[in-house]
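Visitor: First the structure, which I've put down as structure tokens, then a few questions once you've had a look.
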Amino acid sequence: MNVKKSNIKRWISFGLASIMTAGTLIGCSGSGSGTAKVSATTTGAEAAQETAAPGTEAGSQTADGNFDWKKFAGTTLKVNMVQHSVAEAIVTKIPEFEELTGIKVEHSITPEANYFDKVSTALASRTGEPDLFMSGAYQLWDYSAAGYVYDLNTFLSDPDKVAPGYDFADLYPSAVSALQWDGVPGHAVGSGAQLGLPLAIEIYSLAYNKRAFKQAGIEVPKTYDELLAACDKLQGWNGPDSYAMTVRGARDWGTIHPGYMSTFANFGAQDFAIEDDRLVSKVNSPEAVAMTEFWVDMIKRGGSPSWSRYTWYECGADLGAGKAAMMFEADNTGIHQDWEGASAEAGNLAWTVMPLAKEGNTPNSNFWTWSMAMNADTKNADAAWYFMMYFTSKDFALYAVTEKNALDPARTSVINSPEFLKKMESHDGYIDTFEKTIGSTTIRFTPQPYFFETTTLWATTLQELVAGNYASVQEGMDSLKEKQDKVVEDIVISDYE
């Protein structure tokens with residue numbers, strides 16, 4: 001990973017502080033000793049696609065061929081996980097993993113509000129614990145810049161280390177590439193170090209209450225204009241506390257990354273660009289301003305009076321309670337309100353592709369993936385790799401999404417399996433919307449080490465625009481550009497290449 005040495009101290013200190021704030025919102029040898037530094041030159045992902053042989057899955061209970069699941073028996077791994085349905089599924093299968101491998105697992109599960117504080121502090125200690133941790137891609141930009149993340153290409157490029165039948169190519173390419181980065185600010189994801197492997201993913205779509213639309217006698221919106229018209233019709237649709245559209249509004253990065261950033265991309269806007277060897281904010285471009293004008297209008301005409309404190313949790317709860325008629329959020333947020341008996345509106349919910357400028361346009365969704373990453377300082381790298389293969393395998397993914405409720409699966413074979421399709425058939429439009437969106441889904445942000453600072457400034461500006469604190473959206477976004485440019489002013493791109 002290319003890191004400008006003069007910036008390491010600032011990257012580490014800010015990265016830890018920003019991740020801790022965000023948390024309140026929401027080369028190693030073959031024996032596994034030493035520290036692996038991430039590299040932008042390895043091509044292990046491609047090699048794994050070519051060398052993974054058919055046969056027993058990583059999650060099955062017997063070894064196959066020359067692959068020895070017992071090779072690191074007697075090792076103890078420490079794993080940190082966030083409170084999430086996929087983590088709950090992992091915990092139920094740890095005894096089987098221990099029986100298969102002889103590796104003992106000590107795990108912890110922490111609510112998201114405190115999780116990244118815990119991980120950041122542990123990684124900064126450089127003790128090698130935990131060996132493994134769950135993470136999102138954005139956090140990995142900071143962690144990898146500080147030298148905390150093991151490059152998994154070390155394993156993926158070695159056929160002897162990849163379990164027969166693991167089938168790396170079956171993982172959604174967009175989920176894999178979301179966890180690759182070469183460490184150069186301004187360079188897109190999709191190349192360089194493999195910073196993690198995906199456990200569960202999110203795309204962004206429109207969830208809606210079928211009862212609300214039937215009652216109002218209107219069609220589900222497919223375009224921006226239709227969405228605003230629906231907001232006008234659906235305010236107060238289910239009593240005085242009800243409203244049309246729920247989206248995130250809290251003063252943190254989470255407000256920007258789901259529906260807002262997806263729509264931002266669909267307007268043709270971008271957050272940063274490289275100009276004259278510098279990273280430059282583009283949030284005040286004509287496309288960015290037009291998109292934000294639309295978003296502010298949507299919130300004013302259809303949003304909750306309490307919008308400015310909303311996270312994914314409040315959005316999902318209001319949809320399930322019959323307060324919100326629509327939700328522009330992660331597709332799986334509404335699913336957990338739609339299981340039989342899960343909420344007052346379970347059975348009335350449905351999904352469709354996000355509104356676009358014109359019906360039929362490509363839905364360019366932003367992306368989130370919960371991944372498993374390895375501590376660069378682990379003393380048990382090979383045993384940790386076994387854990388990663390087991391819990392990102394086809395067998396485990398199928399179990400996690402059919403017998404448990406971990407969504408969305410990161411494997412193409414699982415989302416197309418008869419078992420999963422059967423389980424999801426009662427959730428109207430979910431599979432169809434996923435299939436229409438996943439192919440054009442990627443991380444829409446520009447990777448850079450001050451992600452959490454720049455997006456928190458962005459969310460703050462959005463709140464101020466909705467509150468009317470600027471004379472115009474242009475004025476607000478001009479101010480935001482100045483603030484973001486100040487944050488990234490010390491980044492010189494050629495210092496990292």
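Residue numbering restarts at 1 in every chain; chains get A, B, ... in the order shown in the structure tokens, and ligands count up from 1 in that same order.
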Among region 178-402 of chain A, which residues carry a DSSP assignment of strand (DSSP E), reported as a ChimeraX atom specification?

Guide: /A:180-181,193-194,197-202,204-209,243-246,272-275,278-281,324-330,349-352,368-374

Visitor: Tell me which protein, DNA and RNA residues are within 6 Å of Ser205 (chain A), counting only C-alpha atoms, leaving out same-chain ones fewer than 6 positions away, and put them as a ChimeraX atom specification.

Guide: /A:328,331,353-354

Visitor: Once you have the residues from the selection above, write them out as a JSON list (two decimals), in the first residue's frame, restricted to N, CA and C atoms.

Guide:
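Here's the written file out_33.json:
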[["chain", "number", "residue", "atom", "x", "y", "z"],
["A", 328, "PHE", "N", -36.25, 5.00, 1.10],
["A", 328, "PHE", "CA", -35.13, 4.88, 0.17],
["A", 328, "PHE", "C", -33.91, 4.51, 1.02],
["A", 331, "ASP", "N", -31.84, -2.36, 0.79],
["A", 331, "ASP", "CA", -32.98, -3.25, 0.52],
["A", 331, "ASP", "C", -33.30, -4.15, 1.70],
["A", 353, "VAL", "N", -37.08, -0.64, -8.09],
["A", 353, "VAL", "CA", -35.85, 0.08, -8.42],
["A", 353, "VAL", "C", -36.00, 1.55, -8.02],
["A", 354, "MET", "N", -34.92, 2.14, -7.55],
["A", 354, "MET", "CA", -34.92, 3.55, -7.14],
["A", 354, "MET", "C", -35.42, 4.45, -8.28]]

Visitor: Could you check which of A:Gly268, A:Pro221, A:Pro130, A:Gly186 is closest to Tyr208 (chain A), using only C-alpha atoms?

Guide: A:Pro221

Visitor: Give the helix (DSSP H, G or I) residues of region 103-176 of chain A, as assigned by DSSP on the backbone, as a PyMOL selection string.

Guide: chain A and resi 112-124+137-145+153-156+159-161+168-170+173-176

Visitor: So that I can check the surroundings of Ile203 (chain A), please list as a list in words every protein, DNA and RNA residue that reaches within 9 Å of it, counting only C-alpha atoms and ignoring chain neighbours fewer than 5 positions away.

Guide: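 Within the cut-off, the hits are Pro258, Glu329, Ala330, Asp331, Asn332, Ser365, Asn366, Phe367, Trp368, Asp408, Phe434, Thr437, Ile438, Thr441 and Thr442 of chain A.
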
Visitor: Based on the selection just made, write N, CA and C atoms of those residues as a compact mmCIF listing (two decimals), in the first residue's frame.

Guide:
# COMPACT_ATOMS: atom_id res chain seq x y z
N PRO A 258 -26.37 5.95 1.54
CA PRO A 258 -27.37 5.09 0.87
C PRO A 258 -28.08 5.79 -0.29
N GLU A 329 -33.61 3.22 1.03
CA GLU A 329 -32.65 2.70 1.99
C GLU A 329 -32.04 1.40 1.45
N ALA A 330 -31.22 0.77 2.28
CA ALA A 330 -30.73 -0.56 1.97
C ALA A 330 -31.91 -1.51 1.81
N ASP A 331 -31.84 -2.36 0.79
CA ASP A 331 -32.98 -3.25 0.52
C ASP A 331 -33.30 -4.15 1.70
N ASN A 332 -32.26 -4.56 2.44
CA ASN A 332 -32.53 -5.49 3.54
C ASN A 332 -33.10 -4.82 4.79
N SER A 365 -26.47 2.26 -8.21
CA SER A 365 -26.55 2.22 -6.75
C SER A 365 -25.18 2.30 -6.11
N ASN A 366 -25.11 2.99 -4.98
CA ASN A 366 -23.94 2.88 -4.12
C ASN A 366 -23.94 1.50 -3.47
N PHE A 367 -22.90 1.19 -2.72
CA PHE A 367 -22.70 -0.18 -2.25
C PHE A 367 -22.19 -0.19 -0.81
N TRP A 368 -22.62 -1.19 -0.08
CA TRP A 368 -22.06 -1.46 1.24
C TRP A 368 -21.85 -2.96 1.36
N ASP A 408 -27.83 -9.12 2.34
CA ASP A 408 -28.01 -9.94 1.15
C ASP A 408 -26.83 -10.89 1.03
N PHE A 434 -33.29 -6.51 -6.87
CA PHE A 434 -31.88 -6.84 -6.68
C PHE A 434 -31.23 -7.15 -8.03
N THR A 437 -30.51 -4.20 -10.20
CA THR A 437 -29.64 -3.18 -9.62
C THR A 437 -28.20 -3.65 -9.41
N ILE A 438 -28.00 -4.91 -9.06
CA ILE A 438 -26.68 -5.37 -8.63
C ILE A 438 -25.61 -5.18 -9.70
N THR A 441 -24.02 -1.72 -9.49
CA THR A 441 -23.74 -1.31 -8.11
C THR A 441 -22.24 -1.33 -7.84
N THR A 442 -21.73 -0.26 -7.28
CA THR A 442 -20.34 -0.19 -6.85
C THR A 442 -20.22 0.92 -5.82

Visitor: Pick from A:Val86, A:Leu227, A:Leu480, A:Ala175: nearest to Gly196 (chain A), with only C-alpha atoms counted?

Guide: A:Ala175

Visitor: Counting only C-alpha atoms, what is within 8 Å of region 307-323 of chain A, bar same-chain residues fewer than 4 positions away, as a PyMOL selection string?

Guide: chain A and resi 25-26+208-209+238+241-243+246-251+254-255+299+303+327+329+333-334+337-338+343-346+463

Visitor: Quick one: of A:Arg411, A:Lys161, A:Lys78, A:His257, who's nearest to Tyr204 (chain A), counting only C-alpha atoms?

Guide: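 For Tyr204 (chain A), the nearest of the candidates is A:His257.
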
Visitor: If you measure from CA of Glu497 (chain A) to CA of Gly147 (chain A), what distance in Å do you get, rounded to one decimal?

Guide: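 CA of Glu497 (chain A) sits 16.5 Å away from CA of Gly147 (chain A).
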
Visitor: What's the separation between CA of Trp141 (chain A) and CA of Pro449 (chain A), in Å to one decimal place?

Guide: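 Here the two named atoms are 6.2 Å from each other.
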
Visitor: My list of candidates is A:Val289, A:Ile491, A:Val176, A:Ile90. Which is closest to Asp478 (chain A) when distances are computed with only C-alpha atoms?

Guide: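 So, comparing all the options, the nearest one is A:Val289.
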
Visitor: Looking at A:Ala146, A:Val280, A:Ile218, A:Met477, which one is nearest to Glu489 (chain A), with distances taken over only C-alpha atoms?

Guide: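 Checking each candidate against Glu489 (chain A), we get A:Val280 as the closest.
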